[in-house]
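Peer 1: Sharing model.cif, mmCIF, C-alpha atoms:
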data_input
loop_
_atom_site.label_atom_id
_atom_site.label_comp_id
_atom_site.auth_asym_id
_atom_site.auth_seq_id
_atom_site.Cartn_x
_atom_site.Cartn_y
_atom_site.Cartn_z
CA MET A 8 31.09 -12.41 -61.89
CA ALA A 9 33.00 -10.59 -59.15
CA ALA A 10 29.93 -10.71 -56.92
CA TYR A 11 29.80 -14.42 -57.59
CA GLU A 12 33.32 -15.04 -56.36
CA GLY A 13 32.81 -12.75 -53.39
CA LEU A 14 29.81 -14.79 -52.36
CA GLN A 15 31.72 -18.02 -52.66
CA LYS A 16 34.51 -16.64 -50.52
CA ARG A 17 32.11 -15.46 -47.89
CA LEU A 18 30.35 -18.78 -47.90
CA SER A 19 33.51 -20.73 -47.24
CA GLN A 20 34.50 -18.27 -44.51
CA GLU A 21 31.16 -18.67 -42.77
CA LEU A 22 31.33 -22.43 -43.13
CA GLU A 23 34.74 -22.38 -41.50
CA LYS A 24 33.32 -20.42 -38.57
CA TYR A 25 30.48 -22.89 -38.30
CA LYS A 26 32.88 -25.80 -38.15
CA LEU A 27 34.83 -24.10 -35.37
CA LEU A 28 31.63 -23.60 -33.40
CA GLN A 29 30.75 -27.25 -33.87
CA LYS A 30 34.17 -28.29 -32.61
CA ASP A 31 33.82 -26.10 -29.54
CA PHE A 32 30.43 -27.56 -28.89
CA GLN A 33 31.70 -31.12 -29.12
CA LYS A 34 34.57 -30.33 -26.77
CA THR A 35 32.38 -28.70 -24.16
CA TYR A 36 29.88 -31.49 -24.48
CA SER A 37 32.40 -34.23 -23.81
CA LEU A 38 33.78 -32.23 -20.86
CA ARG A 39 30.27 -32.00 -19.53
CA GLN A 40 29.82 -35.73 -19.87
CA GLN A 41 33.02 -36.31 -17.94
CA LEU A 42 31.78 -34.01 -15.18
CA GLU A 43 28.50 -35.87 -15.06
CA GLY A 44 30.36 -39.13 -14.59
CA GLN A 45 32.38 -37.63 -11.75
CA LEU A 46 29.24 -36.28 -10.15
CA ASN A 47 27.69 -39.73 -10.30
CA GLU A 48 30.71 -41.33 -8.71
CA ASN A 49 30.84 -38.75 -5.94
CA ASN A 50 27.15 -39.17 -5.25
CA ILE A 51 27.64 -42.91 -4.89
CA VAL A 52 30.52 -42.31 -2.46
CA LYS A 53 28.38 -39.89 -0.49
CA GLU A 54 25.56 -42.43 -0.25
CA GLU A 55 28.00 -45.04 0.92
CA MET A 56 29.47 -42.74 3.57
CA ASP A 57 26.05 -41.78 4.82
CA LEU A 58 25.41 -45.44 5.57
CA LEU A 59 28.47 -45.73 7.81
CA GLU A 60 28.64 -45.57 11.59
CA PRO A 61 30.19 -42.28 12.79
CA SER A 62 33.07 -44.27 14.27
CA ALA A 63 33.95 -45.97 11.00
CA ASP A 64 37.51 -45.64 9.72
CA VAL A 65 37.91 -44.02 6.34
CA TYR A 66 41.11 -43.93 4.31
CA LYS A 67 41.94 -41.71 1.40
CA LEU A 68 44.19 -42.99 -1.35
CA MET A 69 46.89 -40.38 -1.98
CA GLY A 70 49.25 -41.60 -4.61
CA PRO A 71 50.30 -45.06 -3.45
CA VAL A 72 49.47 -44.63 0.26
CA LEU A 73 46.26 -44.80 2.22
CA VAL A 74 45.86 -41.95 4.67
CA LYS A 75 43.43 -42.24 7.53
CA GLN A 76 40.76 -39.61 7.63
CA ASP A 77 37.81 -38.80 9.86
CA LEU A 78 34.51 -39.80 8.42
CA GLU A 79 33.26 -36.28 8.95
CA GLU A 80 36.18 -34.73 7.12
CA ALA A 81 35.79 -37.17 4.25
CA GLN A 82 32.08 -36.43 4.05
CA GLN A 83 32.78 -32.71 3.96
CA ASN A 84 35.32 -33.21 1.20
CA VAL A 85 32.89 -35.20 -0.88
CA ALA A 86 30.11 -32.67 -0.31
CA LYS A 87 32.44 -29.88 -1.38
CA ARG A 88 33.41 -31.80 -4.48
CA ILE A 89 29.78 -32.44 -5.36
CA GLU A 90 29.06 -28.73 -4.99
CA TYR A 91 32.01 -27.80 -7.17
CA ILE A 92 31.10 -30.28 -9.88
CA THR A 93 27.46 -29.18 -9.85
CA ASN A 94 28.57 -25.59 -10.38
CA GLU A 95 30.89 -26.65 -13.16
CA LEU A 96 28.05 -28.54 -14.79
CA LYS A 97 25.88 -25.42 -14.69
CA ARG A 98 28.69 -23.39 -16.20
CA HIS A 99 29.13 -25.90 -19.01
CA ASP A 100 25.40 -26.01 -19.59
CA SER A 101 25.25 -22.27 -20.13
CA THR A 102 28.28 -22.44 -22.43
CA LEU A 103 26.57 -25.17 -24.42
CA ALA A 104 23.36 -23.14 -24.69
CA GLU A 105 25.34 -20.15 -25.89
CA LEU A 106 27.22 -22.22 -28.45
CA GLU A 107 23.98 -23.69 -29.67
CA LYS A 108 22.56 -20.22 -30.17
CA LYS A 109 25.67 -19.16 -32.06
CA GLN A 110 25.47 -22.27 -34.20
CA ASP A 111 21.87 -21.51 -35.11
CA ALA A 112 22.76 -17.94 -36.03
CA GLN A 113 25.67 -19.16 -38.11
CA ARG A 114 23.50 -21.70 -39.88
CA GLU A 115 21.08 -18.96 -40.74
CA ALA A 116 23.84 -16.75 -42.09
CA ILE A 117 25.06 -19.61 -44.26
CA ASN A 118 21.56 -20.25 -45.54
CA LYS A 119 21.21 -16.61 -46.50
CA ILE A 120 24.45 -16.62 -48.45
CA GLN A 121 23.47 -19.84 -50.16
CA GLN A 122 20.21 -18.28 -51.23
CA GLN A 123 21.99 -15.24 -52.60
CA PHE A 124 24.33 -17.56 -54.39
CA GLN A 125 21.45 -19.41 -56.01
CA GLN A 126 19.79 -16.18 -57.02
CA ALA A 127 23.00 -15.01 -58.59
CA GLN A 128 23.24 -18.31 -60.45
CA VAL A 129 19.69 -18.03 -61.74
CA LYS A 130 20.34 -14.45 -62.88
CA ALA A 131 23.51 -15.50 -64.63
CA ALA A 132 21.66 -18.33 -66.36
CA MET A 133 18.90 -15.97 -67.51
CA LYS A 134 21.40 -13.58 -69.01
CA ALA A 135 23.21 -16.34 -70.84
CA MET U 18 21.59 -32.04 -24.91
CA GLY U 19 18.02 -30.92 -25.00
CA GLU U 20 16.58 -33.71 -27.02
CA LYS U 21 13.14 -32.94 -28.26
CA MET U 22 11.08 -36.05 -28.00
CA GLN U 23 8.52 -35.97 -30.68
CA ALA U 24 6.54 -38.66 -32.36
CA VAL U 25 7.68 -38.77 -35.96
CA ASP U 26 6.38 -41.13 -38.59
CA ILE U 27 9.50 -42.75 -40.01
CA SER U 28 7.86 -43.48 -43.34
CA LYS U 29 7.40 -39.75 -43.87
CA LEU U 30 11.10 -38.97 -43.55
CA GLY U 31 13.32 -38.44 -46.54
CA LEU U 32 16.26 -40.67 -47.40
CA ALA U 33 18.82 -38.14 -46.14
CA GLN U 34 17.04 -37.80 -42.81
CA LEU U 35 16.79 -41.57 -42.50
CA THR U 36 20.51 -41.92 -43.13
CA GLN U 37 21.18 -39.39 -40.42
CA LEU U 38 18.85 -41.19 -38.06
CA LYS U 39 20.56 -44.49 -38.76
CA GLN U 40 23.97 -42.96 -38.10
CA GLN U 41 22.74 -41.57 -34.82
CA LEU U 42 21.32 -44.95 -33.85
CA ASP U 43 24.57 -46.67 -34.80
CA GLN U 44 26.46 -44.33 -32.51
CA GLU U 45 24.03 -44.88 -29.66
CA ILE U 46 24.17 -48.65 -30.03
CA GLU U 47 27.94 -48.53 -29.96
CA LEU U 48 27.89 -46.40 -26.83
CA PHE U 49 25.50 -48.81 -25.14
CA SER U 50 27.55 -51.86 -26.00
CA SER U 51 30.74 -50.30 -24.63
CA SER U 52 28.86 -49.24 -21.49
CA LEU U 53 27.60 -52.80 -21.13
CA GLN U 54 31.12 -54.12 -21.40
CA GLN U 55 32.31 -51.78 -18.67
CA LEU U 56 29.36 -52.64 -16.47
CA ARG U 57 29.98 -56.36 -16.89
CA ALA U 58 33.63 -55.86 -15.94
CA ALA U 59 32.57 -53.97 -12.81
CA HIS U 60 30.03 -56.67 -12.03
CA GLY U 61 32.73 -59.30 -12.29
CA LYS U 62 35.04 -57.34 -9.99
CA PHE U 63 32.40 -56.98 -7.31
CA GLN U 64 31.52 -60.64 -7.64
CA ASP U 65 35.18 -61.64 -7.19
CA SER U 66 35.56 -59.37 -4.17
CA LYS U 67 32.41 -60.77 -2.61
CA GLU U 68 33.55 -64.36 -3.03
CA CYS U 69 36.97 -63.45 -1.72
CA VAL U 70 35.70 -61.73 1.39
CA GLU U 71 33.44 -64.65 2.15
CA LYS U 72 36.44 -66.99 2.15
CA LEU U 73 37.99 -64.89 4.89
CA THR U 74 36.72 -66.87 7.89
CA PRO U 75 38.10 -66.83 11.47
CA ASP U 76 39.95 -70.03 10.49
CA THR U 77 42.04 -68.00 8.10
CA LYS U 78 43.76 -66.23 10.97
CA GLY U 79 47.47 -66.99 11.16
CA LYS U 80 47.51 -68.67 7.75
CA GLU U 81 50.20 -67.84 5.26
CA ILE U 82 49.70 -65.57 2.33
CA LEU U 83 51.98 -64.31 -0.41
CA VAL U 84 51.66 -60.57 -0.61
CA PRO U 85 52.48 -58.94 -3.94
CA LEU U 86 54.85 -56.04 -3.34
CA THR U 87 55.13 -55.45 -7.05
CA GLY U 88 53.68 -57.28 -9.97
CA SER U 89 56.64 -59.63 -10.02
CA MET U 90 57.75 -59.87 -6.38
CA TYR U 91 56.02 -61.42 -3.40
CA VAL U 92 56.76 -61.62 0.33
CA LEU U 93 55.42 -64.16 2.78
CA GLY U 94 52.88 -62.85 5.24
CA HIS U 95 50.47 -64.12 7.85
CA PHE U 96 46.90 -63.08 8.35
CA SER U 97 46.79 -61.19 11.63
CA ASP U 98 43.37 -59.58 11.31
CA VAL U 99 40.69 -61.44 9.41
CA ASP U 100 37.75 -59.48 10.80
CA LYS U 101 38.22 -56.29 8.86
CA VAL U 102 38.83 -55.35 5.25
CA LEU U 103 39.18 -52.06 3.42
CA CYS U 104 36.68 -51.50 0.65
CA ASP U 105 37.09 -49.09 -2.23
CA VAL U 106 33.99 -46.92 -2.30
CA GLY U 107 35.14 -44.76 -5.22
CA THR U 108 37.03 -41.49 -5.82
CA GLY U 109 40.00 -42.80 -3.84
CA TYR U 110 38.17 -43.42 -0.58
CA TYR U 111 38.50 -46.71 1.28
CA VAL U 112 36.28 -47.68 4.18
CA GLU U 113 37.09 -50.22 6.88
CA LYS U 114 34.35 -52.80 7.16
CA ASP U 115 33.93 -56.08 8.98
CA ILE U 116 33.41 -59.23 6.95
CA SER U 117 29.63 -59.29 7.00
CA ALA U 118 29.38 -55.56 6.20
CA ALA U 119 31.85 -55.96 3.35
CA SER U 120 29.99 -58.93 1.93
CA ASP U 121 26.81 -56.93 2.24
CA TYR U 122 28.44 -53.99 0.50
CA PHE U 123 29.55 -56.09 -2.46
CA LYS U 124 26.15 -57.71 -2.66
CA ARG U 125 24.56 -54.27 -2.80
CA LYS U 126 27.00 -53.07 -5.44
CA ASN U 127 26.45 -56.18 -7.47
CA LYS U 128 22.73 -55.68 -7.42
CA PHE U 129 23.13 -52.03 -8.40
CA VAL U 130 25.37 -52.85 -11.34
CA GLY U 131 23.17 -55.78 -12.31
CA ASP U 132 20.12 -53.51 -12.42
CA GLN U 133 22.02 -51.04 -14.58
CA ILE U 134 23.00 -53.85 -16.95
CA THR U 135 19.37 -54.90 -17.33
CA LYS U 136 18.36 -51.30 -17.97
CA VAL U 137 21.05 -50.65 -20.56
CA GLN U 138 20.38 -53.99 -22.24
CA LYS U 139 16.74 -53.09 -22.67
CA LEU U 140 17.61 -49.66 -24.06
CA ALA U 141 20.15 -51.17 -26.44
CA GLN U 142 17.61 -53.75 -27.62
CA ASP U 143 15.06 -51.02 -28.31
CA LYS U 144 17.61 -49.08 -30.32
CA VAL U 145 18.56 -52.16 -32.34
CA THR U 146 14.91 -52.77 -33.18
CA LEU U 147 14.45 -49.15 -34.17
CA ARG U 148 17.56 -49.34 -36.33
CA GLU U 149 16.18 -52.36 -38.14
CA ILE U 150 12.95 -50.53 -38.82
CA VAL U 151 14.87 -47.53 -40.17
CA ILE U 152 16.93 -49.76 -42.45
CA GLU U 153 13.81 -51.46 -43.76
CA THR U 154 12.18 -48.12 -44.43
CA MET U 155 15.30 -46.91 -46.21
CA GLU U 156 15.32 -49.97 -48.44
CA ALA U 157 11.66 -49.59 -49.26
CA LYS U 158 12.24 -45.94 -50.16
CA LEU U 159 15.18 -46.83 -52.36
CA GLN U 160 13.16 -49.48 -54.17
CA ALA U 161 10.32 -47.03 -54.70
CA THR U 162 12.66 -44.39 -56.09
CA LEU U 163 14.29 -46.90 -58.42
CA ALA U 164 10.93 -48.16 -59.62
CA ALA U 165 9.78 -44.60 -60.25
CA GLN U 166 12.94 -43.89 -62.23
CA GLN U 167 12.49 -47.00 -64.34
CA ALA U 168 8.85 -46.17 -64.97
CA ALA U 169 9.86 -42.69 -66.06
CA GLY U 170 12.56 -44.14 -68.28
CA THR U 171 10.30 -46.57 -70.15
CA SER U 172 7.44 -44.17 -70.72
#
What is this file in structure tokens?

Peer 2:
Amino acid sequence: MAAYEGLQKRLSQELEKYKLLQKDFQKTYSLRQQLEGQLNENNIVKEEMDLLEPSADVYKLMGPVLVKQDLEEAQQNVAKRIEYITNELKRHDSTLAELEKKQDAQREAINKIQQQFQQAQVKAAMKA
Amino acid sequence: MGEKMQAVDISKLGLAQLTQLKQQLDQEIELFSSSLQQLRAAHGKFQDSKECVEKLTPDTKGKEILVPLTGSMYVLGHFSDVDKVLCDVGTGYYVEKDISAASDYFKRKNKFVGDQITKVQKLAQDKVTLREIVIETMEAKLQATLAAQQAAGTS
């Protein structure tokens, strides 16, 4: 009977870990989605700036004021931002892959304990 | 997420799997409908801006306008330059454009958003159809299980 309770305890512990992993995954995933949205927006801005004449006036909204900026400077800023976001996306992708692997491993561990649990139950039933 | 696209016969799935599938579809449909709402709002904004910029003719020069300083306070102003407008191109950047370029810009944006709306609408429609099929299959399965139970009960 002691083995029985031990198994149950372990099972709930492992389940707790699994839930934590799932939460982490969800969080990273929604962050990734946000980044993707930002990347899209920046790409659209880049496209738009590429269409402009080199002499065009560009303003950047900083708080409540518009500050005049060179087109070239603005383009560089956007390019830098795109690069940064792309790198962040890659970082999040690898985190997600890692979390997925951990989740799979955790699922397997839970399955194993569940099997042991069932075996213990069957044994107990046979004895009874 | 790495979604594995795989042809699966729905009728071969179990009730639990079908429920999961339906839940997933419900979520997707909800996402699509909120995306559509946002897209339509953006479409409307671009449309308004386009109409507005087209009303800005050389005749407008010198005319009076009430400029909102805050949401509840206005000052009287006069149009001094009706040839150029500043357009929001996203991420806080504004670009100075002349009237025809601005109108062109809004037309382009409108077309872009319109195309996206058509795309998302089609996707959403497909998902709704799929959801209906899943629900039908689920009902059929339930009926079959019930019938089997009754048959087992009477025999």

Peer 1: Skip A:Gln123 itself and residues of its chain fewer than 4 positions away, then list as a VMD selection string all residues within 8 Å of it, counting only C-alpha atoms.

Peer 2: chain A and resid 14 119 127

Peer 1: With a distance cut-off of 10 Å and only C-alpha atoms, select the neighbouring residues of stretch 85-102 of chain A, excluding the residue or stretch itself and same-chain residues fewer than 5 positions from it, and output the selection as a PyMOL selection string.

Peer 2: (chain A and resi 31-32+35-36+38-43+45-50+52-53+56+79-80+107-108) or (chain U and resi 18+108+110)

Peer 1: Here's the selection I'm unsure about, the PyMOL selection byres ((chain U) within 6 of (chain A)); applied to the file above, which residues does it give, as an MDAnalysis selection string?

Peer 2: chainID U and resid 106:107 109:113

Peer 1: Could you tell me which of U:Lys126, U:Lys29, U:Lys72, U:Lys139 comes closest to U:Ser50 if we count all atoms listed in the file?

Peer 2: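 Going through U:Lys126, U:Lys29, U:Lys72, U:Lys139 one by one, the smallest distance to U:Ser50 is for U:Lys139.
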
Peer 1: Smallest atom-to-atom distance to A:Gly13: which of A:Ile120, A:Val72, A:Leu28, A:Leu58, using only C-alpha atoms?

Peer 2: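 Of all the options, A:Ile120 lies closest to A:Gly13.
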
Peer 1: Counting only C-alpha atoms, I want the residues whose atoms come within 12 Å of (43.1, -69.3, 8.5) in the file frame, returned as a compact mmCIF listing (two decimals) with C-alpha atoms, in the frame of the given file.

Peer 2:
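After the write, selection_33.txt holds the following:
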# COMPACT_ATOMS: atom_id res chain seq x y z
CA LYS U 72 36.44 -66.99 2.15
CA LEU U 73 37.99 -64.89 4.89
CA THR U 74 36.72 -66.87 7.89
CA PRO U 75 38.10 -66.83 11.47
CA ASP U 76 39.95 -70.03 10.49
CA THR U 77 42.04 -68.00 8.10
CA LYS U 78 43.76 -66.23 10.97
CA GLY U 79 47.47 -66.99 11.16
CA LYS U 80 47.51 -68.67 7.75
CA GLU U 81 50.20 -67.84 5.26
CA ILE U 82 49.70 -65.57 2.33
CA HIS U 95 50.47 -64.12 7.85
CA PHE U 96 46.90 -63.08 8.35
CA SER U 97 46.79 -61.19 11.63
CA ASP U 98 43.37 -59.58 11.31
CA VAL U 99 40.69 -61.44 9.41
CA ASP U 100 37.75 -59.48 10.80

Peer 1: Can you tell me, as a list of chain:residue names, what residues are no more than 8 Å from A:Gln113 when counting only C-alpha atoms, ignoring any on the same chain fewer than 4 positions away?

Peer 2: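 Within the cut-off, the hits are A:Glu21, A:Lys24, A:Tyr25, A:Lys109, A:Ile117.
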
Peer 1: Tell me, in Å to one decimal, how far atom CA of U:Ile116 is from atom CA of U:Leu56.

Peer 2: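 It comes out at 24.7 Å.
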
Peer 1: Residues within 7 Å of stretch 66-70 of chain U, please, as a list in words. Count all atoms listed in the file; anything in the same chain fewer than 3 positions from it doesn't count.

Peer 2: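 Neighbouring residues, sequence-local ones excluded: Lys62, Phe63, Leu73, Ile116, Ser120, Phe123 and Lys124 of chain U.
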
Peer 1: Using atom CA of U:Lys158 and atom CA of U:Gln37 as the two end points, give the distance in Å to one decimal.

Peer 2: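 Pair atom CA of U:Lys158 / atom CA of U:Gln37 returns 14.8 Å.
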
Peer 1: Atom CA of U:Asp121 and atom CA of U:Leu83 are how many Å apart?

Peer 2: 26.4 Å

Peer 1: Take the PyMOL selection byres ((chain U and resi 52) around 12), run it mentally on this structure, and tell me the resulting residues as a VMD selection string.

Peer 2: chain U and resid 45 to 51 53 to 59 130 133 to 138 140 to 141
